[in-house]
Structures are given as C-alpha cells and as structure tokens.
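Structure first, commentary second.
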Amino acid sequence: MIEFHLTGQALWDRMNRAVENVQKRLEKTARLLESIGVPYAIIGGNAVRAWVAQADEAAVRTTRDVDILLRRADLPRVIEAMEQAGFVYRHSAGIDMFLDGPESKARDAVHILFANEKVKESDLVPAPDVDESVEIEAHRTLSLESLVRMKLNVFRRKDQMHLIDMVSVGLIDETWIRRYTPELATRLQQILDDPEG
C-alpha cells in the first residue's frame, strides 16, 4: 500500500513537473518533426486540450502521454531523428513509441499511430490522414471533425470523457451527427443523450 508521504510544496512540484514533462515531450517532438519536414498531427489528449482551450481554458484536462499521427512510410526517418535527439524507439504490444530514455516507462513516451490505417482490426474506420490537421500554436493538430471521428472510433472510457468535454464547452452538438457514418453517429448520439457520462 502506498502511503501519502508527499505534502506541501513537494507535492505541488511533483504534480506540476508531471504536466510540464508531457508538454516538453510534445514540444520537442513537434519541433523535431518540423525540422526534418515530416508531416504529422498531434492527436489524443493533447489535441483535445488544444481544442477545448479554444472554448474554455477552465475545462482543459491534463494528459499523461503524447500521441502523434504519422504516415508509416515516414517512420524510418522519424526513428533516426528521434534517436539522435535522445529518444529510445520501442515496438511493444503492437504499439510504436519513443521513450524519453532507456529507463523510461511506456507512459513516459511519445506514442505513434499511423495515418489511414486501423489501429485495431475491430475499428470501424481507419485513422485520418495527417493532412486533416490545422495549425494551433505553430504545431499541426488534428482538425476537430477528424479528432471527434477518432474518438468515436476508439470509444474507450477516456475517449468518451474527451467527447463529453467537447460537448460541455459547445465544440460539438446535435448538428454533428450527420457528419459521421451511422455507427459513429450512434456513438455520438449516446454521448449527447448522456453528457454527464
């Protein structure tokens, strides 16, 4: 059993450091991909944060990792550049990732998903292309419509929470139903019908 031993400034410092480390990892990765001319898009929790912040900064959640969308053909160049920058490439349990260093854990990593491919065979649709992105704060972030599609496709508990956040700040509403396939539209309707989760 873990005892609650951190208090005061030590506790605040640790919590703040966790958030800062994710942001540094994201910034370092985005700058590196831009420097070698590889098209990419920020996806996952960081993309949700960027979009939610457009509507209401008080509704922004932290996220523990960095998710990046790439084209598979670019992976060899990305591995070379990321390893030169100190990251460690791993392919584990079907996931391509870059750890912060040899002693880092998978949760301290940049996770890669591939554009125009299904992550799992059971996915309803493939991931978007990196071209389905917009520039936010000088980095390429998946467009809102494509991000919502990805979240509806995967539809894990955390994806549902991200969708609820986007509904709660008015980024998506009933008018979005017709943008998606019937299967994805049903999932979106489920979120809209029960936005409290």
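Here, A, B, ... name the chains of the structure tokens in the order displayed, residue numbers run from 1 inside each chain, and ligands are numbered from 1 in the same displayed order.
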
Margin query: Using DSSP assignments from the backbone, pull out every residue in region 7-120 of chain A that falls under alpha helix (DSSP H) and give it to me as number ranges by chain.
Written below: A: 8-35, 44-55, 75-84

Residues from last step as file, N, CA and C atoms, as a tab-separated table (two decimals), in the first residue's frame:
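This is the output file part02.tsv:
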```
chain	number	residue	atom	x	y	z
A	8	GLY	N	2.59	19.56	0.86
A	8	GLY	CA	3.09	20.92	0.68
A	8	GLY	C	3.71	21.16	-0.68
A	9	GLN	N	4.81	21.91	-0.69
A	9	GLN	CA	5.44	22.30	-1.95
A	9	GLN	C	5.97	21.11	-2.72
A	10	ALA	N	6.46	20.09	-2.02
A	10	ALA	CA	6.98	18.90	-2.70
A	10	ALA	C	5.89	18.23	-3.54
A	11	LEU	N	4.68	18.19	-3.01
A	11	LEU	CA	3.56	17.59	-3.73
A	11	LEU	C	3.19	18.44	-4.95
A	12	TRP	N	3.08	19.77	-4.75
A	12	TRP	CA	2.74	20.66	-5.86
A	12	TRP	C	3.80	20.59	-6.95
A	13	ASP	N	5.08	20.56	-6.53
A	13	ASP	CA	6.17	20.49	-7.51
A	13	ASP	C	6.08	19.23	-8.35
A	14	ARG	N	5.78	18.11	-7.71
A	14	ARG	CA	5.70	16.84	-8.44
A	14	ARG	C	4.54	16.86	-9.43
A	15	MET	N	3.40	17.38	-9.01
A	15	MET	CA	2.24	17.44	-9.91
A	15	MET	C	2.52	18.37	-11.10
A	16	ASN	N	3.10	19.52	-10.82
A	16	ASN	CA	3.42	20.47	-11.89
A	16	ASN	C	4.47	19.91	-12.84
A	17	ARG	N	5.46	19.21	-12.29
A	17	ARG	CA	6.51	18.62	-13.11
A	17	ARG	C	5.94	17.59	-14.08
A	18	ALA	N	4.97	16.80	-13.62
A	18	ALA	CA	4.35	15.79	-14.48
A	18	ALA	C	3.71	16.44	-15.71
A	19	VAL	N	2.98	17.54	-15.49
A	19	VAL	CA	2.33	18.24	-16.60
A	19	VAL	C	3.37	18.88	-17.51
A	20	GLU	N	4.38	19.49	-16.92
A	20	GLU	CA	5.43	20.15	-17.71
A	20	GLU	C	6.21	19.15	-18.56
A	21	ASN	N	6.46	17.95	-18.02
A	21	ASN	CA	7.21	16.96	-18.77
A	21	ASN	C	6.47	16.51	-20.02
A	22	VAL	N	5.16	16.35	-19.91
A	22	VAL	CA	4.36	15.99	-21.09
A	22	VAL	C	4.43	17.10	-22.13
A	23	GLN	N	4.30	18.34	-21.69
A	23	GLN	CA	4.35	19.47	-22.61
A	23	GLN	C	5.72	19.58	-23.28
A	24	LYS	N	6.79	19.39	-22.52
A	24	LYS	CA	8.14	19.43	-23.09
A	24	LYS	C	8.33	18.33	-24.13
A	25	ARG	N	7.83	17.12	-23.82
A	25	ARG	CA	7.94	15.99	-24.75
A	25	ARG	C	7.19	16.30	-26.04
A	26	LEU	N	6.01	16.89	-25.90
A	26	LEU	CA	5.21	17.25	-27.07
A	26	LEU	C	5.93	18.30	-27.92
A	27	GLU	N	6.40	19.35	-27.28
A	27	GLU	CA	7.09	20.44	-28.00
A	27	GLU	C	8.35	19.93	-28.69
A	28	LYS	N	9.12	19.12	-27.99
A	28	LYS	CA	10.37	18.59	-28.56
A	28	LYS	C	10.07	17.74	-29.79
A	29	THR	N	9.05	16.90	-29.69
A	29	THR	CA	8.68	16.01	-30.80
A	29	THR	C	8.19	16.81	-32.00
A	30	ALA	N	7.28	17.76	-31.75
A	30	ALA	CA	6.74	18.56	-32.85
A	30	ALA	C	7.84	19.35	-33.55
A	31	ARG	N	8.71	19.98	-32.79
A	31	ARG	CA	9.81	20.75	-33.39
A	31	ARG	C	10.73	19.86	-34.22
A	32	LEU	N	11.00	18.67	-33.71
A	32	LEU	CA	11.88	17.75	-34.42
A	32	LEU	C	11.25	17.30	-35.74
A	33	LEU	N	9.97	16.93	-35.71
A	33	LEU	CA	9.30	16.51	-36.94
A	33	LEU	C	9.25	17.63	-37.96
A	34	GLU	N	9.02	18.86	-37.48
A	34	GLU	CA	9.02	20.00	-38.38
A	34	GLU	C	10.41	20.24	-38.97
A	35	SER	N	11.44	20.04	-38.17
A	35	SER	CA	12.81	20.30	-38.64
A	35	SER	C	13.24	19.33	-39.74
A	44	GLY	N	-4.98	12.61	-29.80
A	44	GLY	CA	-5.15	12.19	-28.42
A	44	GLY	C	-5.48	13.33	-27.48
A	45	GLY	N	-5.10	13.14	-26.23
A	45	GLY	CA	-5.44	14.10	-25.18
A	45	GLY	C	-4.90	15.50	-25.41
A	46	ASN	N	-3.72	15.60	-26.02
A	46	ASN	CA	-3.17	16.94	-26.28
A	46	ASN	C	-3.95	17.68	-27.35
A	47	ALA	N	-4.45	16.96	-28.34
A	47	ALA	CA	-5.30	17.61	-29.35
A	47	ALA	C	-6.62	18.05	-28.72
A	48	VAL	N	-7.18	17.20	-27.86
A	48	VAL	CA	-8.42	17.58	-27.16
A	48	VAL	C	-8.17	18.82	-26.32
A	49	ARG	N	-7.06	18.87	-25.60
A	49	ARG	CA	-6.72	20.03	-24.78
A	49	ARG	C	-6.67	21.30	-25.62
A	50	ALA	N	-6.02	21.21	-26.79
A	50	ALA	CA	-5.88	22.39	-27.65
A	50	ALA	C	-7.25	22.89	-28.11
A	51	TRP	N	-8.14	21.97	-28.48
A	51	TRP	CA	-9.46	22.39	-28.94
A	51	TRP	C	-10.34	22.89	-27.80
A	52	VAL	N	-10.33	22.18	-26.67
A	52	VAL	CA	-11.15	22.61	-25.53
A	52	VAL	C	-10.70	23.99	-25.05
A	53	ALA	N	-9.39	24.24	-25.07
A	53	ALA	CA	-8.86	25.54	-24.63
A	53	ALA	C	-9.37	26.67	-25.51
A	54	GLN	N	-9.71	26.38	-26.77
A	54	GLN	CA	-10.27	27.41	-27.65
A	54	GLN	C	-11.59	27.94	-27.11
A	55	ALA	N	-12.32	27.06	-26.41
A	55	ALA	CA	-13.65	27.42	-25.92
A	55	ALA	C	-13.66	27.82	-24.44
A	75	LEU	N	8.18	6.56	-40.94
A	75	LEU	CA	8.69	6.05	-39.66
A	75	LEU	C	10.20	5.88	-39.62
A	76	PRO	N	10.85	5.31	-40.63
A	76	PRO	CA	12.32	5.15	-40.54
A	76	PRO	C	13.05	6.48	-40.33
A	77	ARG	N	12.64	7.53	-41.03
A	77	ARG	CA	13.27	8.85	-40.84
A	77	ARG	C	13.02	9.38	-39.44
A	78	VAL	N	11.80	9.14	-38.95
A	78	VAL	CA	11.43	9.62	-37.61
A	78	VAL	C	12.24	8.88	-36.55
A	79	ILE	N	12.40	7.57	-36.71
A	79	ILE	CA	13.19	6.80	-35.74
A	79	ILE	C	14.61	7.36	-35.68
A	80	GLU	N	15.21	7.57	-36.83
A	80	GLU	CA	16.59	8.08	-36.86
A	80	GLU	C	16.70	9.44	-36.16
A	81	ALA	N	15.78	10.35	-36.47
A	81	ALA	CA	15.84	11.69	-35.89
A	81	ALA	C	15.54	11.68	-34.40
A	82	MET	N	14.54	10.91	-33.99
A	82	MET	CA	14.17	10.86	-32.58
A	82	MET	C	15.28	10.23	-31.75
A	83	GLU	N	15.91	9.20	-32.26
A	83	GLU	CA	17.00	8.56	-31.51
A	83	GLU	C	18.20	9.50	-31.41
A	84	GLN	N	18.46	10.27	-32.46
A	84	GLN	CA	19.55	11.25	-32.38
A	84	GLN	C	19.25	12.32	-31.34
```

If you count only C-alpha atoms, which residues fall within 10 Å of Gly86 (chain A), apart from same-chain ones fewer than 6 positions away, as a PDB file with N, CA and C atoms, in the first residue's frame?
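Okay, out10.pdb is ready:
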```
ATOM      1  N   PHE A  98       8.257   6.152 -28.597  1.00  0.00           N
ATOM      2  CA  PHE A  98       9.575   6.701 -28.311  1.00  0.00           C
ATOM      3  C   PHE A  98       9.629   7.063 -26.839  1.00  0.00           C
ATOM      4  N   LEU A  99      10.460   6.348 -26.089  1.00  0.00           N
ATOM      5  CA  LEU A  99      10.632   6.612 -24.670  1.00  0.00           C
ATOM      6  C   LEU A  99      11.585   7.789 -24.482  1.00  0.00           C
ATOM      7  N   ASP A 100      11.429   8.479 -23.356  1.00  0.00           N
ATOM      8  CA  ASP A 100      12.311   9.607 -23.049  1.00  0.00           C
ATOM      9  C   ASP A 100      13.759   9.175 -22.881  1.00  0.00           C
ATOM     10  N   GLY A 101      13.975   7.932 -22.522  1.00  0.00           N
ATOM     11  CA  GLY A 101      15.321   7.397 -22.333  1.00  0.00           C
ATOM     12  C   GLY A 101      15.231   5.919 -22.011  1.00  0.00           C
ATOM     13  N   PRO A 102      16.383   5.235 -21.869  1.00  0.00           N
ATOM     14  CA  PRO A 102      16.381   3.785 -21.669  1.00  0.00           C
ATOM     15  C   PRO A 102      15.667   3.331 -20.393  1.00  0.00           C
TER      16      PRO A 102
END
```

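Closest approach to Ile191 (chain A) among A:Asp96, A:Asp159, A:Glu117, A:Glu137: A:Asp159, based on only C-alpha atoms.
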
One decimal place gives the CA of Met150 (chain A)-CA of Ala138 (chain A) separation as 22.3 Å

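You will find CA of Pro39 (chain A) at 24.8 Å from CA of Glu121 (chain A).
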